[in-house]
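Input: a single structure, listed below in structure tokens.
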Amino acid sequence: MEIVELDVVDSTNRYAYDHFNELSDGALVVSSAQTAGRGRRGRVWRSPPGVNVYISFVMKHTNQAFLASAAAGLAVLDWLHTLAPEVKAYIKWPNDVYVGHRKLAGMLCEGAGVKEGRLLGVIAGIGVNVNLDSEYLAGIDQPATSLAVEAGMQFDIKKVIPGLAKSLLRYYIIYSKYPERIFREWKDANRLLGEEIELTVGTGERLRGVFADIAEDGELVLISADGKRRHFNCGDVRIRRESVNWTKVASFNYSKEVRNE
């Protein structure tokens with residue numbers, strides 16, 4: 001597996017995009033810091049040096065960003081379970097990793113390379129809060145956590161990267177053979193299914209309802225109080241802490257339900 005290690009870069013996704021043709025399929029771009037880390041919808045991803053994981057994974061055998069993102073999300077869960085099985089992480093639609101009501105990791109999947117009007121691959125950018133302390137986390141503009149806070153210990157960033165690389169490659173291989181399994185496992189890891197949420201859509205409108213289902217194309221299905229059923233392919237899910245069954249969320253047995261089918 002090709003791993004490109006950088007000390008600092010504007011963003012690992014930008015580097016992977018600019019070097020897409022020369023990078024091998026399954027290559028991993030790793031940086032100790034980012035000066036212009038990005039999240040979904042143009043948001044800034046704060047990337048202080050030496051304390052977190054900032055990587056981009058190159059997938060050249062797919063042009064389906066949704067399933068590529070799902071595979072990457074499952075790989076992150078697989079890696080987290082190996083590092084700290086006591087940390088109850090789950091997927092928050094569409095592509096964040098949460099513990100309770102706080103964000104632990106985010107993903108930004110982007111198409112790369114175009115030939116005859118078709119994408120040639122997908123780059124999965126992943127940022128994981130690893131060693132951020134509570135004081136730093138309090139300064140982030142949304143509820144956030146870190147692996148160190150949740151596990152009660154610090155981690156050696158350089159030593160944990162190979163495990164994440166292994167999980168990404170494993171789930172990429174599974175995806176290439178059994179995409180339906182990736183969808184099934186990813187849907188199961190969305191532990192807010194059946195819970196009341198608030199969804200902010202592209203227009204800025206806020207909708208409240210029950211997160212009823214995820215369609216096969218990855219769309220969120222929301223049922224509002226009047227019984228209306230609507231599909232959304234993008235948006236921001238806000239967790240309504242007072243209405244979520246946290247016992248159900250925390251009971252998710254990742255090792256049983258995802259790792260071992």
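Residue numbers start at 1 in each chain; chains themselves are named A, B, ... in the order of the structure tokens; ligands are numbered from 1 in the order shown.
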>> Show me, as a ChimeraX atom specification, the residues that have an atom within 9 Å of Met1 of chain A when counting only C-alpha atoms, minus same-chain residues fewer than 2 positions from it.
In response: /A:3,24-28,165-166,169
>> Residues within 12 Å of Thr203 of chain A, please, as a PyMOL selection string. Count only C-alpha atoms; anything in the same chain fewer than 5 positions from it doesn't count.
In response: chain A and resi 234-236
> Quick one: DSSP strand (DSSP E) residues in segment 17-121 of chain A, as number ranges by chain?
Replying inline: A: 28-31, 53-59, 89-92, 96-99, 102-115, 118-121
>> With DSSP run on the backbone, what are the alpha helix (DSSP H) residues within segment 10-94 of chain A? I'd like them as JSON, numbers by chain.
In response: {"A": [12, 13, 14, 15, 16, 17, 18, 65, 66, 67, 68, 69, 70, 71, 72, 73, 74, 75, 76, 77, 78, 79, 80, 81, 82, 83]}
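Of the listed residues (A:Pro94, A:Pro49, A:Pro85, A:Gly73), A:Pro94 comes nearest to Leu199 of chain A; the distances count only C-alpha atoms.
Shortest atom-to-atom contact with Val30 of chain A among A:Lys158, A:Ala105, A:Glu195, A:Asp141: A:Lys158, counting only C-alpha atoms.
Proximity ranking of A:Ala36, A:Val114, A:Ala68, A:Val76 relative to Gly163 of chain A places A:Val76 first, based on only C-alpha atoms.
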Residues within 8 Å of segment 12-21 of chain A, only C-alpha atoms, excluding chain neighbours under 3 positions, as a PDB file with N, CA, C and O atoms, in the first residue's frame:
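Output contents, as saved in selection07.pdb:
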```
ATOM      1  N   VAL A   9       0.412  20.441   4.745  1.00  0.00           N
ATOM      2  CA  VAL A   9      -0.167  20.595   3.419  1.00  0.00           C
ATOM      3  C   VAL A   9      -1.427  21.458   3.571  1.00  0.00           C
ATOM      4  O   VAL A   9      -1.958  21.585   4.678  1.00  0.00           O
ATOM      5  N   SER A  24      -1.234   5.616  -6.702  1.00  0.00           N
ATOM      6  CA  SER A  24      -1.770   4.294  -7.006  1.00  0.00           C
ATOM      7  C   SER A  24      -3.156   4.116  -6.407  1.00  0.00           C
ATOM      8  O   SER A  24      -3.554   4.843  -5.492  1.00  0.00           O
ATOM      9  N   VAL A  29      -2.720   9.396   1.614  1.00  0.00           N
ATOM     10  CA  VAL A  29      -1.968  10.630   1.833  1.00  0.00           C
ATOM     11  C   VAL A  29      -2.174  11.037   3.290  1.00  0.00           C
ATOM     12  O   VAL A  29      -3.307  11.192   3.740  1.00  0.00           O
ATOM     13  N   VAL A  30      -1.072  11.196   4.013  1.00  0.00           N
ATOM     14  CA  VAL A  30      -1.109  11.499   5.446  1.00  0.00           C
ATOM     15  C   VAL A  30      -0.338  12.782   5.700  1.00  0.00           C
ATOM     16  O   VAL A  30       0.751  12.977   5.154  1.00  0.00           O
ATOM     17  N   SER A  31      -0.885  13.660   6.524  1.00  0.00           N
ATOM     18  CA  SER A  31      -0.165  14.879   6.884  1.00  0.00           C
ATOM     19  C   SER A  31      -0.269  15.124   8.391  1.00  0.00           C
ATOM     20  O   SER A  31      -1.293  14.823   9.011  1.00  0.00           O
ATOM     21  N   GLN A  34      -2.693  20.491   8.544  1.00  0.00           N
ATOM     22  CA  GLN A  34      -3.298  21.082   7.352  1.00  0.00           C
ATOM     23  C   GLN A  34      -3.483  22.580   7.597  1.00  0.00           C
ATOM     24  O   GLN A  34      -3.872  22.990   8.695  1.00  0.00           O
ATOM     25  N   GLY A  37      -7.722  22.776   5.927  1.00  0.00           N
ATOM     26  CA  GLY A  37      -8.575  21.590   5.986  1.00  0.00           C
ATOM     27  C   GLY A  37     -10.027  21.949   5.744  1.00  0.00           C
ATOM     28  O   GLY A  37     -10.491  23.005   6.174  1.00  0.00           O
ATOM     29  N   TYR A  54      -5.133  13.301   9.849  1.00  0.00           N
ATOM     30  CA  TYR A  54      -5.582  13.972   8.627  1.00  0.00           C
ATOM     31  C   TYR A  54      -5.095  13.140   7.454  1.00  0.00           C
ATOM     32  O   TYR A  54      -3.894  13.073   7.184  1.00  0.00           O
ATOM     33  N   ILE A  55      -6.008  12.475   6.766  1.00  0.00           N
ATOM     34  CA  ILE A  55      -5.608  11.580   5.685  1.00  0.00           C
ATOM     35  C   ILE A  55      -6.603  11.669   4.521  1.00  0.00           C
ATOM     36  O   ILE A  55      -7.740  12.124   4.689  1.00  0.00           O
ATOM     37  N   SER A  56      -6.138  11.219   3.362  1.00  0.00           N
ATOM     38  CA  SER A  56      -7.017  11.041   2.201  1.00  0.00           C
ATOM     39  C   SER A  56      -6.697   9.706   1.559  1.00  0.00           C
ATOM     40  O   SER A  56      -5.522   9.361   1.357  1.00  0.00           O
ATOM     41  N   VAL A  58      -7.273   7.134  -1.650  1.00  0.00           N
ATOM     42  CA  VAL A  58      -7.549   7.192  -3.092  1.00  0.00           C
ATOM     43  C   VAL A  58      -8.200   5.898  -3.556  1.00  0.00           C
ATOM     44  O   VAL A  58      -7.641   4.814  -3.385  1.00  0.00           O
ATOM     45  N   ALA A 112     -12.646  12.563  -8.488  1.00  0.00           N
ATOM     46  CA  ALA A 112     -11.349  12.999  -9.011  1.00  0.00           C
ATOM     47  C   ALA A 112     -11.096  12.356 -10.370  1.00  0.00           C
ATOM     48  O   ALA A 112     -11.464  11.204 -10.601  1.00  0.00           O
ATOM     49  N   GLY A 113     -10.472  13.119 -11.250  1.00  0.00           N
ATOM     50  CA  GLY A 113     -10.140  12.594 -12.567  1.00  0.00           C
ATOM     51  C   GLY A 113     -11.377  12.460 -13.430  1.00  0.00           C
ATOM     52  O   GLY A 113     -12.383  11.895 -13.000  1.00  0.00           O
ATOM     53  N   ILE A 123     -11.863  10.356  -3.858  1.00  0.00           N
ATOM     54  CA  ILE A 123     -10.912  10.609  -2.780  1.00  0.00           C
ATOM     55  C   ILE A 123     -11.702  10.779  -1.494  1.00  0.00           C
ATOM     56  O   ILE A 123     -12.592  11.627  -1.415  1.00  0.00           O
ATOM     57  N   ALA A 124     -11.374   9.960  -0.503  1.00  0.00           N
ATOM     58  CA  ALA A 124     -12.053  10.046   0.793  1.00  0.00           C
ATOM     59  C   ALA A 124     -11.145  10.746   1.785  1.00  0.00           C
ATOM     60  O   ALA A 124     -10.141  10.178   2.233  1.00  0.00           O
ATOM     61  N   GLY A 125     -11.468  12.000   2.114  1.00  0.00           N
ATOM     62  CA  GLY A 125     -10.716  12.731   3.124  1.00  0.00           C
ATOM     63  C   GLY A 125     -11.305  12.447   4.493  1.00  0.00           C
ATOM     64  O   GLY A 125     -12.518  12.489   4.683  1.00  0.00           O
TER      65      GLY A 125
END
```
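Shortest atom-to-atom contact with Leu80 of chain A among A:Glu22, A:Arg229, A:Leu168, A:Leu108: A:Leu168, counting only C-alpha atoms.
When the distance limit is 8 Å and only C-alpha atoms are what count, the residues near Val130 of chain A, minus those fewer than 6 positions from it on the same chain, are Val51, Asn52, Val53, Ser146, Leu147, Ala148, Gln154, Phe155 and Ile157 of chain A.
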Could the residues in this selection be saved with N, CA, C and O atoms as a PDB file, in the first residue's frame?
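Dumped everything to part.pdb:
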```pdb
ATOM      1  N   VAL A  51      -1.575  16.324  16.526  1.00  0.00           N
ATOM      2  CA  VAL A  51      -2.488  15.783  17.542  1.00  0.00           C
ATOM      3  C   VAL A  51      -3.642  14.955  16.968  1.00  0.00           C
ATOM      4  O   VAL A  51      -4.292  14.220  17.710  1.00  0.00           O
ATOM      5  N   ASN A  52      -3.899  15.087  15.678  1.00  0.00           N
ATOM      6  CA  ASN A  52      -5.032  14.414  15.061  1.00  0.00           C
ATOM      7  C   ASN A  52      -4.603  13.621  13.830  1.00  0.00           C
ATOM      8  O   ASN A  52      -3.456  13.684  13.393  1.00  0.00           O
ATOM      9  N   VAL A  53      -5.570  12.923  13.253  1.00  0.00           N
ATOM     10  CA  VAL A  53      -5.357  12.189  12.000  1.00  0.00           C
ATOM     11  C   VAL A  53      -5.958  12.992  10.854  1.00  0.00           C
ATOM     12  O   VAL A  53      -7.141  13.341  10.892  1.00  0.00           O
ATOM     13  N   SER A 146     -12.908  13.845  21.376  1.00  0.00           N
ATOM     14  CA  SER A 146     -11.690  13.243  20.818  1.00  0.00           C
ATOM     15  C   SER A 146     -11.540  11.839  21.373  1.00  0.00           C
ATOM     16  O   SER A 146     -12.147  11.474  22.396  1.00  0.00           O
ATOM     17  N   LEU A 147     -10.705  11.058  20.718  1.00  0.00           N
ATOM     18  CA  LEU A 147     -10.461   9.697  21.175  1.00  0.00           C
ATOM     19  C   LEU A 147      -9.809   9.708  22.553  1.00  0.00           C
ATOM     20  O   LEU A 147     -10.116   8.868  23.411  1.00  0.00           O
ATOM     21  N   ALA A 148      -8.923  10.687  22.786  1.00  0.00           N
ATOM     22  CA  ALA A 148      -8.257  10.776  24.083  1.00  0.00           C
ATOM     23  C   ALA A 148      -9.256  11.047  25.203  1.00  0.00           C
ATOM     24  O   ALA A 148      -9.172  10.456  26.284  1.00  0.00           O
ATOM     25  N   GLN A 154      -3.816   9.098  25.900  1.00  0.00           N
ATOM     26  CA  GLN A 154      -3.259   9.679  24.693  1.00  0.00           C
ATOM     27  C   GLN A 154      -2.819   8.571  23.739  1.00  0.00           C
ATOM     28  O   GLN A 154      -2.530   7.441  24.153  1.00  0.00           O
ATOM     29  N   PHE A 155      -2.746   8.913  22.443  1.00  0.00           N
ATOM     30  CA  PHE A 155      -2.357   7.949  21.421  1.00  0.00           C
ATOM     31  C   PHE A 155      -1.187   8.491  20.606  1.00  0.00           C
ATOM     32  O   PHE A 155      -1.077   9.701  20.388  1.00  0.00           O
ATOM     33  N   ILE A 157       0.166   9.164  17.277  1.00  0.00           N
ATOM     34  CA  ILE A 157      -0.449   9.313  15.955  1.00  0.00           C
ATOM     35  C   ILE A 157       0.232   8.430  14.914  1.00  0.00           C
ATOM     36  O   ILE A 157      -0.431   7.732  14.128  1.00  0.00           O
TER      37      ILE A 157
END
```
> Of the residues A:Gly227, A:Pro162, A:Gly218, A:Gly204, which is the one nearest to Arg184 of chain A, using only C-alpha atoms?
Replying inline: A:Gly218
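For the set A:Gly127, A:Leu77, A:Lys187, A:Arg208, the residue with the smallest atom-to-atom gap to Gly106 of chain A is A:Gly127, counting only C-alpha atoms.
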